[in-house]
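**Q** Quick one: this structure, given as structure tokens, is what I'll be asking you about.
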Amino acid sequence: VQLVESGGGLVQPGGSLRLSCAASGFTFSNYRMSWYRQAPGKERELVAAITRAGGATDYADSMKGRFTISRDNARNTVYLQMNSLKPEDTAVYFCNARGALYDYWGQGTQVTVSS
């Protein structure tokens with residue numbers, strides 16, 4: 001089982017990034033997918049989640065209207081489009097797959113928002 005995040009980097013405030021998480025080794029369409037983040041010295045927090053077929057999404061309040069989660073079950077990939085980025089969005093972003101029995105995590109990708 002692998003979840004491999006990509007797309008992180010350094011961006012200026014107000015900029016955008018698109019994160020990707022490529023999954024392998026399990027039946028992707030059977031898993032609810034989420035993005036979490038963890039800033040230095042803080043607990044990991046939920047950013048956004050999407051149901052197995054992509055029919056419903058959920059966001060943390062501070063991300064609503066700025067971030068969009070989506071998935072492509074044919075490509076076994078989940079995305080996080082992040083717009084209007086703020087310095088407080090700086091964190092390591094993790095991909096999570098949650099099924100009935102198993103819970104998988106990626107290794108994370110660093111997002112730094114700074115001028």
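Labels used: A, B, ... for chains in the order of the structure tokens, numbers from 1 for residues in each chain, and numbers from 1 for ligands as shown.
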For region 68-74 of chain A, please output as JSON, numbers by chain all residues within 7 Å (counting only C-alpha atoms; exclusion window: fewer than 6 positions along the same chain).
**A** {"A": [28, 29, 48, 49, 50, 54, 80, 81, 82]}
**Q** Residues of the last selection are to be written out with all heavy atoms, as a CSV table (one decimal), in the first residue's frame.
**A**
```csv
chain,number,residue,atom,x,y,z
A,28,PHE,N,-8.9,1.8,-4.4
A,28,PHE,CA,-9.0,3.2,-4.1
A,28,PHE,C,-10.5,3.7,-3.9
A,28,PHE,O,-10.8,4.4,-3.0
A,28,PHE,CB,-8.3,4.0,-5.2
A,28,PHE,CG,-8.3,5.5,-5.0
A,28,PHE,CD1,-7.5,6.1,-4.1
A,28,PHE,CD2,-9.1,6.3,-5.8
A,28,PHE,CE1,-7.5,7.5,-4.0
A,28,PHE,CE2,-9.1,7.7,-5.7
A,28,PHE,CZ,-8.3,8.3,-4.7
A,29,SER,N,-11.3,3.2,-4.8
A,29,SER,CA,-12.7,3.7,-4.8
A,29,SER,C,-13.5,3.2,-3.6
A,29,SER,O,-14.6,3.7,-3.4
A,29,SER,CB,-13.4,3.2,-6.1
A,29,SER,OG,-13.4,1.8,-6.2
A,48,ALA,N,-9.7,18.6,4.5
A,48,ALA,CA,-10.8,18.3,3.6
A,48,ALA,C,-11.0,16.8,3.5
A,48,ALA,O,-10.0,16.1,3.6
A,48,ALA,CB,-10.6,19.0,2.3
A,49,ALA,N,-12.2,16.4,3.1
A,49,ALA,CA,-12.5,15.0,2.9
A,49,ALA,C,-13.4,14.9,1.8
A,49,ALA,O,-14.2,15.8,1.5
A,49,ALA,CB,-13.1,14.4,4.2
A,50,ILE,N,-13.4,13.7,1.2
A,50,ILE,CA,-14.3,13.4,0.0
A,50,ILE,C,-14.7,12.0,0.1
A,50,ILE,O,-13.9,11.1,0.4
A,50,ILE,CB,-13.6,13.7,-1.3
A,50,ILE,CG1,-14.6,13.6,-2.5
A,50,ILE,CG2,-12.4,12.9,-1.5
A,50,ILE,CD1,-14.0,14.3,-3.8
A,54,GLY,N,-17.0,10.5,-4.6
A,54,GLY,CA,-16.7,11.9,-4.8
A,54,GLY,C,-18.0,12.8,-4.8
A,54,GLY,O,-17.9,13.9,-5.2
A,80,LEU,N,-5.9,18.3,-4.0
A,80,LEU,CA,-6.3,19.4,-3.2
A,80,LEU,C,-5.8,20.7,-3.9
A,80,LEU,O,-4.6,20.9,-3.9
A,80,LEU,CB,-5.7,19.3,-1.8
A,80,LEU,CG,-6.1,20.4,-0.8
A,80,LEU,CD1,-7.6,20.2,-0.5
A,80,LEU,CD2,-5.3,20.4,0.5
A,81,GLN,N,-6.8,21.4,-4.4
A,81,GLN,CA,-6.5,22.7,-5.0
A,81,GLN,C,-6.6,23.8,-3.9
A,81,GLN,O,-7.6,23.9,-3.2
A,81,GLN,CB,-7.5,23.0,-6.1
A,81,GLN,CG,-7.3,24.4,-6.7
A,81,GLN,CD,-6.0,24.5,-7.5
A,81,GLN,OE1,-5.7,23.6,-8.3
A,81,GLN,NE2,-5.3,25.6,-7.3
A,82,MET,N,-5.5,24.5,-3.7
A,82,MET,CA,-5.4,25.5,-2.6
A,82,MET,C,-5.2,26.8,-3.2
A,82,MET,O,-4.2,27.1,-3.9
A,82,MET,CB,-4.2,25.1,-1.7
A,82,MET,CG,-4.3,23.7,-1.1
A,82,MET,SD,-3.1,23.4,0.2
A,82,MET,CE,-1.6,23.5,-0.8
```
**Q** Taking the DSSP secondary structure from the backbone, can you list the residues of chain A that are strand (DSSP E), as a ChimeraX atom specification?
**A** /A:2-6,9-11,17-24,32-38,45-50,57-59,67-72,77-82,91-98,103-105,109-113
**Q** Just want the 6 Å neighbourhood of region 89-92 of chain A, counted on only C-alpha atoms, with same-chain residues fewer than 3 positions away dropped. Output as a ChimeraX atom specification.
**A** /A:37-39,86,108-113
**Q** If you run DSSP over the backbone, which residues in region 27-87 of chain A end up helix (DSSP H, G or I)? Put them as an MDAnalysis selection string.
**A** chainID A and resid 28:30 61:63 87
**Q** Ranking A:Gln12, A:Ser6, A:Ser62, A:Thr51 by minimum distance to Tyr31 (chain A) and counting only C-alpha atoms, which one comes first?
**A**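 Nearest to Tyr31 (chain A): A:Thr51.
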**Q** Determine the nearest neighbour of Ser20 (chain A) from the options A:Gly99, A:Gly7, A:Gly106, A:Pro87, counting only C-alpha atoms.
**A**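 Using only C-alpha atoms, Ser20 (chain A) sits closest to A:Gly7.
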**Q** Mind checking which residues fall within 10 Å of Arg98 (chain A), counting only C-alpha atoms, ignoring those fewer than 5 positions away in the same chain, and posting them as JSON, numbers by chain?
**A** {"A": [28, 30, 31, 32, 33, 34, 51, 52, 103, 104, 105]}
**Q** From the set A:Val78, A:Ala56, A:Glu88, A:Leu46, which residue has the shortest atom-to-atom contact distance to Ser114 (chain A), counting only C-alpha atoms?
**A**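 Nearest candidate to Ser114 (chain A) out of A:Val78, A:Ala56, A:Glu88, A:Leu46: A:Glu88.
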**Q** Looking at A:Val11, A:Leu19, A:Leu101, A:Val47, which one is nearest to Ser84 (chain A), with distances taken over only C-alpha atoms?
**A**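 Comparing A:Val11, A:Leu19, A:Leu101, A:Val47 against Ser84 (chain A), the winner is A:Val11.
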**Q** Which one is closest to Asn96 (chain A): A:Phe26, A:Tyr79, A:Trp35, A:Phe67? Count only C-alpha atoms.
**A** A:Trp35
**Q** Record the distance separating CA of Ala23 (chain A) and CA of Ala100 (chain A), expressed in Å with one decimal.
**A** 16.9 Å
**Q** Have a look at CA of Thr77 (chain A) and CA of Ala60 (chain A) and let me know their distance in Å, one decimal.
**A**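 Computed distance, CA of Thr77 (chain A) to CA of Ala60 (chain A), equals 20.9 Å.
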**Q** Could you state the separation of CA of Val1 (chain A) and CA of Ser16 (chain A) in Å, given to one decimal place?
**A** 29.3 Å
